[in-house]
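For reference, upload32.cif is printed below; it contains mmCIF, C-alpha atoms.
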```cif
data_work
loop_
_atom_site.label_atom_id
_atom_site.label_comp_id
_atom_site.auth_asym_id
_atom_site.auth_seq_id
_atom_site.Cartn_x
_atom_site.Cartn_y
_atom_site.Cartn_z
CA MET J 1 -11.14 3.49 -3.50
CA GLN J 2 -13.14 5.30 -6.20
CA MET J 3 -15.69 2.51 -6.56
CA ASP J 4 -19.00 2.54 -4.74
CA ALA J 5 -19.23 0.16 -1.81
CA ASP J 6 -21.49 -2.38 -3.54
CA ARG J 7 -18.88 -3.01 -6.24
CA ALA J 8 -15.76 -2.61 -4.10
CA MET J 9 -16.57 -4.73 -1.07
CA PRO J 10 -16.74 -8.13 -2.83
CA ILE J 11 -13.33 -7.49 -4.37
CA LEU J 12 -11.84 -6.43 -1.06
CA GLN J 13 -13.32 -9.46 0.72
CA LYS J 14 -11.68 -11.75 -1.83
CA VAL J 15 -8.33 -10.10 -1.13
CA LEU J 16 -8.83 -10.44 2.61
CA ALA J 17 -9.72 -14.11 2.25
CA ARG J 18 -6.24 -14.89 0.91
CA ARG J 19 -3.77 -16.42 3.33
CA ASP J 20 -0.51 -16.53 1.38
CA ALA J 21 2.37 -14.49 2.74
CA CYS J 22 2.83 -12.65 -0.56
CA SER J 23 -0.62 -11.05 -0.27
CA ALA J 24 -0.04 -9.58 3.21
CA GLY J 25 0.75 -6.16 1.75
CA LEU J 26 -2.46 -6.25 -0.29
CA ARG J 27 -4.48 -7.26 2.77
CA ARG J 28 -3.05 -4.37 4.78
CA LYS J 29 -4.20 -1.97 2.10
CA ALA J 30 -7.55 -3.71 1.85
CA VAL J 31 -8.41 -3.24 5.53
CA PHE J 32 -7.95 0.50 5.08
CA LEU J 33 -10.17 0.55 2.01
CA VAL J 34 -12.84 -1.49 3.80
CA SER J 35 -12.83 1.04 6.66
CA GLN J 36 -13.63 3.81 4.16
CA LYS J 37 -16.73 2.03 2.81
CA ARG J 38 -19.79 2.74 4.92
CA THR J 39 -21.79 -0.48 4.87
CA ASP J 40 -23.52 -2.67 7.42
CA GLN J 41 -20.72 -5.19 6.93
CA THR J 42 -17.72 -2.92 7.45
CA ALA J 43 -17.20 -3.38 11.20
CA ASN J 44 -17.77 -7.15 11.12
CA ILE J 45 -15.37 -7.64 8.20
CA LEU J 46 -12.62 -5.75 10.00
CA MET J 47 -13.30 -7.66 13.19
CA SER J 48 -13.09 -10.97 11.34
CA VAL J 49 -9.71 -9.93 9.95
CA ALA J 50 -8.54 -8.88 13.42
CA ARG J 51 -9.37 -12.36 14.73
CA SER J 52 -8.20 -14.59 11.95
CA ASP J 53 -5.64 -13.06 9.60
CA PRO J 54 -2.27 -14.85 9.91
CA ASP J 55 -0.28 -11.62 9.59
CA GLN J 56 0.21 -9.64 12.83
CA GLU J 57 0.34 -6.26 11.11
CA VAL J 58 -2.83 -6.96 9.13
CA ARG J 59 -4.63 -7.84 12.35
CA GLU J 60 -3.36 -4.69 14.05
CA GLN J 61 -4.35 -2.54 11.08
CA ALA J 62 -7.85 -4.00 11.10
CA VAL J 63 -8.31 -2.95 14.74
CA PHE J 64 -6.71 0.44 14.08
CA TRP J 65 -9.08 1.21 11.21
CA LEU J 66 -12.09 0.28 13.30
CA SER J 67 -11.47 3.76 14.73
CA GLN J 68 -13.01 5.08 11.49
CA VAL J 69 -16.15 2.96 11.72
CA PRO J 70 -19.09 4.38 13.68
CA GLY J 71 -20.78 1.90 15.99
CA SER J 72 -17.75 -0.34 16.44
CA THR J 73 -17.46 0.30 20.19
CA PRO J 74 -18.93 -3.08 21.26
CA LEU J 75 -16.47 -4.93 19.00
CA LEU J 76 -13.54 -2.98 20.42
CA GLU J 77 -14.72 -3.68 23.96
CA GLY J 78 -14.70 -7.37 23.09
CA ILE J 79 -11.05 -7.13 22.07
CA LEU J 80 -10.13 -5.56 25.42
CA GLN J 81 -12.03 -8.23 27.31
CA GLY J 82 -10.47 -11.09 25.34
CA ASN J 83 -7.05 -12.65 25.51
CA GLY J 84 -5.56 -10.85 22.51
CA ASP J 85 -1.97 -9.72 22.52
CA GLU J 86 -0.84 -6.35 23.88
CA ASN J 87 -0.35 -4.71 20.48
CA ILE J 88 -3.88 -5.56 19.40
CA LYS J 89 -5.29 -4.22 22.66
CA GLU J 90 -3.24 -1.06 22.32
CA LYS J 91 -4.79 -0.47 18.89
CA ALA J 92 -8.22 -1.11 20.38
CA LEU J 93 -7.63 1.55 23.03
CA PHE J 94 -6.68 4.03 20.34
CA SER J 95 -9.72 3.17 18.24
CA LEU J 96 -12.01 3.63 21.23
CA SER J 97 -10.46 7.04 21.87
CA GLN J 98 -11.49 8.12 18.36
CA GLN J 99 -15.13 7.09 18.74
CA ASN J 100 -17.70 9.83 19.32
CA ASP J 101 -19.59 7.55 21.64
CA PRO J 102 -19.97 7.98 25.42
CA ARG J 103 -19.79 4.21 25.75
CA ALA J 104 -16.28 4.26 24.24
CA GLN J 105 -15.07 6.70 26.89
CA GLN J 106 -16.68 4.55 29.57
CA ALA J 107 -14.85 1.51 28.18
CA LEU J 108 -11.54 3.37 28.47
CA ARG J 109 -12.33 4.40 32.04
CA GLU J 110 -13.19 0.84 33.01
CA PHE J 111 -10.04 -0.54 31.41
CA ALA J 112 -7.88 1.99 33.24
CA THR J 113 -9.06 0.48 36.55
CA HIS J 114 -8.32 -3.16 35.62
CA GLU J 115 -5.50 -4.27 37.87
CA SER J 116 -5.15 -7.46 35.84
CA ALA J 117 -4.17 -5.45 32.74
CA SER J 118 -0.57 -4.47 32.12
CA SER J 119 0.61 -1.10 33.40
CA ASP J 120 1.60 -0.08 29.88
CA LEU J 121 -1.91 -0.63 28.54
CA ARG J 122 -3.51 1.11 31.51
CA GLU J 123 -1.20 4.06 30.90
CA LYS J 124 -2.41 4.18 27.30
CA ALA J 125 -6.04 4.23 28.45
CA ILE J 126 -5.29 7.04 30.90
CA PHE J 127 -3.46 8.97 28.19
CA TRP J 128 -6.37 8.78 25.75
CA LEU J 129 -8.81 9.83 28.47
CA GLY J 130 -6.73 12.95 28.91
CA GLN J 131 -7.08 13.75 25.22
CA ARG J 132 -10.88 13.87 25.39
CA ARG J 133 -11.97 16.69 27.66
CA SER J 134 -15.11 15.98 29.66
CA THR J 135 -16.39 16.36 33.19
CA GLU J 136 -16.69 12.58 33.46
CA ASN J 137 -13.08 11.99 32.45
CA THR J 138 -11.76 14.72 34.74
CA GLU J 139 -13.60 13.41 37.78
CA PHE J 140 -12.63 9.84 36.97
CA LEU J 141 -8.92 10.62 36.64
CA ARG J 142 -8.82 12.56 39.90
CA ASN J 143 -10.55 9.73 41.76
CA LEU J 144 -8.37 7.13 40.07
CA TYR J 145 -5.22 8.96 41.19
CA SER J 146 -6.24 8.64 44.83
CA ARG J 147 -6.71 4.87 44.46
CA LEU J 148 -3.56 4.04 42.51
CA THR J 149 -0.39 2.67 44.08
CA ASN J 150 1.68 2.36 40.88
CA GLN J 151 3.81 5.49 40.54
CA ASP J 152 4.03 5.35 36.74
CA LEU J 153 0.25 5.26 36.48
CA LYS J 154 -0.06 8.17 38.88
CA GLU J 155 2.41 10.17 36.79
CA LYS J 156 0.31 9.46 33.69
CA VAL J 157 -2.79 10.76 35.48
CA LEU J 158 -0.94 13.98 36.35
CA PHE J 159 0.02 14.43 32.71
CA SER J 160 -3.45 13.62 31.40
CA LEU J 161 -5.14 16.11 33.68
CA SER J 162 -2.62 18.76 32.66
CA GLN J 163 -3.89 18.33 29.10
CA GLN J 164 -7.41 19.27 30.14
CA ARG J 165 -7.22 23.00 30.70
CA GLY J 166 -9.79 24.44 33.03
CA ALA J 167 -12.20 22.48 35.23
CA GLY J 168 -9.92 23.28 38.18
CA ASN J 169 -7.18 20.91 37.06
CA GLU J 170 -4.43 23.50 37.46
CA GLN J 171 -5.36 24.00 41.11
CA TRP J 172 -5.69 20.26 41.60
CA LEU J 173 -2.12 19.80 40.37
CA MET J 174 -0.92 22.53 42.72
CA ASP J 175 -2.71 20.82 45.60
CA ILE J 176 -0.82 17.59 44.83
CA ALA J 177 2.44 19.56 44.72
CA VAL J 178 2.00 20.97 48.23
CA ASN J 179 0.72 17.76 49.81
CA PRO J 180 3.51 16.43 52.08
CA LYS J 181 1.88 12.99 52.11
CA GLU J 182 2.57 12.53 48.41
CA ASP J 183 5.82 11.09 47.09
CA ILE J 184 8.17 13.99 46.41
CA GLU J 185 8.83 12.87 42.83
CA LEU J 186 5.10 12.95 42.13
CA ARG J 187 4.89 16.38 43.75
CA LYS J 188 7.65 17.60 41.45
CA LYS J 189 5.83 16.16 38.43
CA ALA J 190 2.61 17.85 39.52
CA LEU J 191 4.47 21.14 39.87
CA PHE J 192 5.98 20.79 36.41
CA TRP J 193 2.67 20.03 34.71
CA ALA J 194 0.98 22.83 36.62
CA GLY J 195 3.57 25.15 35.12
CA GLN J 196 2.94 23.75 31.64
CA SER J 197 -0.79 24.23 32.19
CA GLY J 198 -0.37 27.97 32.59
CA VAL J 199 -0.61 28.49 36.35
CA ALA J 200 0.10 32.17 37.01
CA ILE J 201 3.67 33.12 37.98
CA PRO J 202 2.59 34.81 41.24
CA ALA J 203 1.22 31.47 42.41
CA PHE J 204 4.69 29.95 42.11
CA ALA J 205 6.25 32.96 43.82
CA SER J 206 3.90 32.54 46.76
CA LEU J 207 4.51 28.79 46.84
CA TYR J 208 8.28 29.31 46.85
CA ASP J 209 7.99 31.48 49.96
CA ARG J 210 5.97 28.78 51.74
CA MET J 211 7.81 25.69 50.55
CA GLY J 212 10.12 24.13 53.11
CA GLU J 213 11.90 21.47 51.06
CA THR J 214 14.93 22.62 49.10
CA GLU J 215 14.20 20.04 46.41
CA MET J 216 10.76 21.54 45.81
CA LYS J 217 12.16 25.06 45.75
CA GLU J 218 14.60 23.97 43.08
CA GLN J 219 11.74 22.43 41.11
CA ILE J 220 9.89 25.75 41.19
CA ILE J 221 12.99 27.41 39.74
CA PHE J 222 13.12 24.80 37.00
CA VAL J 223 9.41 25.24 36.22
CA LEU J 224 9.89 28.98 35.87
CA SER J 225 12.93 28.44 33.68
CA GLN J 226 10.60 26.77 31.19
CA ARG J 227 8.52 29.94 30.98
CA GLN J 228 11.19 32.09 29.35
CA SER J 229 8.65 33.92 27.19
CA ASP J 230 6.66 34.88 30.29
CA LYS J 231 8.01 38.24 31.47
CA ALA J 232 6.50 37.72 34.90
CA ALA J 233 8.81 34.76 35.48
CA ILE J 234 11.76 37.16 35.49
CA ASP J 235 10.01 40.22 36.88
CA GLY J 236 9.25 38.17 39.95
CA ARG J 237 12.56 39.41 41.35
CA LYS J 238 10.67 42.38 42.78
CA ARG J 239 9.32 39.93 45.28
CA PHE J 240 12.01 37.25 45.42
CA SER J 241 15.15 38.59 43.77
CA GLY J 242 17.30 35.61 44.77
CA LEU J 243 14.97 33.22 42.98
CA ALA J 244 14.79 35.44 39.91
CA ASN J 245 18.57 35.41 39.59
CA ARG J 246 18.61 31.63 39.76
CA VAL J 247 15.84 31.47 37.14
CA ILE J 248 17.96 33.61 34.82
CA LEU J 249 20.90 31.27 35.39
CA ALA J 250 18.67 28.27 34.71
CA CYS J 251 17.39 29.82 31.50
CA ASN J 252 20.91 30.49 30.28
CA SER J 253 22.53 27.26 31.44
CA SER J 254 22.64 24.45 28.91
CA SER J 255 23.55 22.03 31.68
CA TRP J 256 20.38 22.61 33.72
CA THR J 257 18.43 19.40 34.25
#
```

Please rewrite the model in this file as structure tokens.
Amino acid sequence: MQMDADRAMPILQKVLARRDACSAGLRRKAVFLVSQKRTDQTANILMSVARSDPDQEVREQAVFWLSQVPGSTPLLEGILQGNGDENIKEKALFSLSQQNDPRAQQALREFATHESASSDLREKAIFWLGQRRSTENTEFLRNLYSRLTNQDLKEKVLFSLSQQRGAGNEQWLMDIAVNPKEDIELRKKALFWAGQSGVAIPAFASLYDRMGETEMKEQIIFVLSQRQSDKAAIDGRKRFSGLANRVILACNSSSWT
């Protein structure tokens, strides 16, 4: 680790060339050390390990540490487009999420739309898009939600947008919550994440007055029960005292679910 790259890389490459089971631990350490050496060879060495090392964990670690190597986006895209196993692709999605490269974010957006990919991997792509705030990601996730039919994927979009404060996402979540055409479980999720995003208490008070479904009214109570530090959640009794009393009960009840 303390050596300069010119002296260290030949040693590390010799370690990575070994194929005996006893050296697997050394190879795992070596892929990390390679990722810390900024050379023209770094990305290609890690990619070669990801393709050919006999140890699953070594291969996964090689893809994971590509996240530390600038300019590795095209290599990571190749992993997603290939026939690699799910764990390798999951590491590639993470590594792309760490790249300060617009192309990496575009690769995540494209993967999230691939119906041939597993739902679990698409969920991971959607999650990482939510962790990188941008106008492009926000617009993409909103549009993607309207096209999805898989409920788990739609729930992940709701969560991801709740992580991007501002840009109108709080209102977008509230709009999903009041839309009677949406599945009621998704509406409840949208309501919950809107509450976690900091939507003002009066907005929930107004929504409670307008909401017809008992199940949604109960969800509003639950959402407010999660805002125990927000005085307005309790002071709302000036406007809807019955709801406030139920919020207090929810806050104090260990059996509330």

Exercise. Please evaluate the PyMOL selection byres ((chain J and resi 185) around 12) against the structure above and give the resulting residues as JSON, numbers by chain.
Key: {"J": [151, 152, 154, 155, 158, 176, 177, 178, 179, 180, 181, 182, 183, 184, 186, 187, 188, 189, 190, 191, 192, 215, 216, 219]}

Self-check item: Minimum-distance residue to J:Glu136, chosen among J:Lys124, J:Ala117, J:Phe159, J:Gln106 (using only C-alpha atoms)
Solution: J:Gln106

Quiz prompt | Distance criterion (all atoms listed in the file): nearest to J:Gly130 out of J:Asn44, J:Thr113, J:Thr214, J:Gln164 | solution = J:Gln164

Please determine an axis-aligned box that encloses all atoms of stretch 125-135 of chain J listed in the file, with 5 Å added on each side, and express its centre and edge lengths in Å to one decimal as JSON.
```
{"center_x": -9.9, "center_y": 10.5, "center_z": 29.2, "size_x": 22.9, "size_y": 22.5, "size_z": 18.0}
```

Exercise. Might you spell out which residues the PyMOL selection byres ((chain J and resi 51-59) around 8) would select in the displayed file, as number ranges by chain?
Key: J: 19, 21, 24, 27-28, 31, 47-50, 60-63, 88

Exercise. For stretch 101-104 of chain J, please output as JSON, numbers by chain all residues within 9 Å (counting all atoms listed in the file; exclusion window: fewer than 6 positions along the same chain).
Key: {"J": [70, 71, 73, 74, 76, 77, 95]}

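From atom CA of J:Asp120 back to atom CA of J:Gln68, the distance works out to 24.0 Å.
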
Practice problem: Return the single residue from J:Asp20, J:Arg142, J:Val15, J:Leu33 that is closest to J:Gln2, with distances computed using all atoms listed in the file. | Solution: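 Among the listed residues, the smallest separation from J:Gln2 belongs to J:Leu33.
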
Self-check item: Top pick for closest residue to J:Ser97, considering J:Leu80, J:Leu129, J:Leu144, J:Cys22 and counting all atoms listed in the file
Solution: J:Leu129

Exercise. Apply the PyMOL selection byres ((chain J and resi 195-210) around 7) to the displayed file and report the matching residues as a PyMOL selection string.
Key: chain J and resi 162+165+170+191-194+211-212+217+220+223+232-233

Would you save the residues from that selection as a PDB file, in the frame of the given file, using C-alpha atoms?
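Resulting contents of result_15.pdb:
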```
ATOM      1  CA  SER J 162      -2.620  18.760  32.660  1.00  0.00           C
ATOM      2  CA  ARG J 165      -7.220  23.000  30.700  1.00  0.00           C
ATOM      3  CA  GLU J 170      -4.430  23.500  37.460  1.00  0.00           C
ATOM      4  CA  LEU J 191       4.470  21.140  39.870  1.00  0.00           C
ATOM      5  CA  PHE J 192       5.980  20.790  36.410  1.00  0.00           C
ATOM      6  CA  TRP J 193       2.670  20.030  34.710  1.00  0.00           C
ATOM      7  CA  ALA J 194       0.980  22.830  36.620  1.00  0.00           C
ATOM      8  CA  MET J 211       7.810  25.690  50.550  1.00  0.00           C
ATOM      9  CA  GLY J 212      10.120  24.130  53.110  1.00  0.00           C
ATOM     10  CA  LYS J 217      12.160  25.060  45.750  1.00  0.00           C
ATOM     11  CA  ILE J 220       9.890  25.750  41.190  1.00  0.00           C
ATOM     12  CA  VAL J 223       9.410  25.240  36.220  1.00  0.00           C
ATOM     13  CA  ALA J 232       6.500  37.720  34.900  1.00  0.00           C
ATOM     14  CA  ALA J 233       8.810  34.760  35.480  1.00  0.00           C
TER      15      ALA J 233
END
```

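For the atom pair formed by atom CA of J:Thr135 and atom CA of J:His114, the distance is 21.3 Å, given to one decimal.
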
Quiz prompt | Close residues, J:Ile126 itself excluded, 8 Å, all atoms listed in the file, min 2 positions apart in chain, as a PyMOL selection string | solution = chain J and resi 108-109+112+122-124+128-130+141+156-157+160
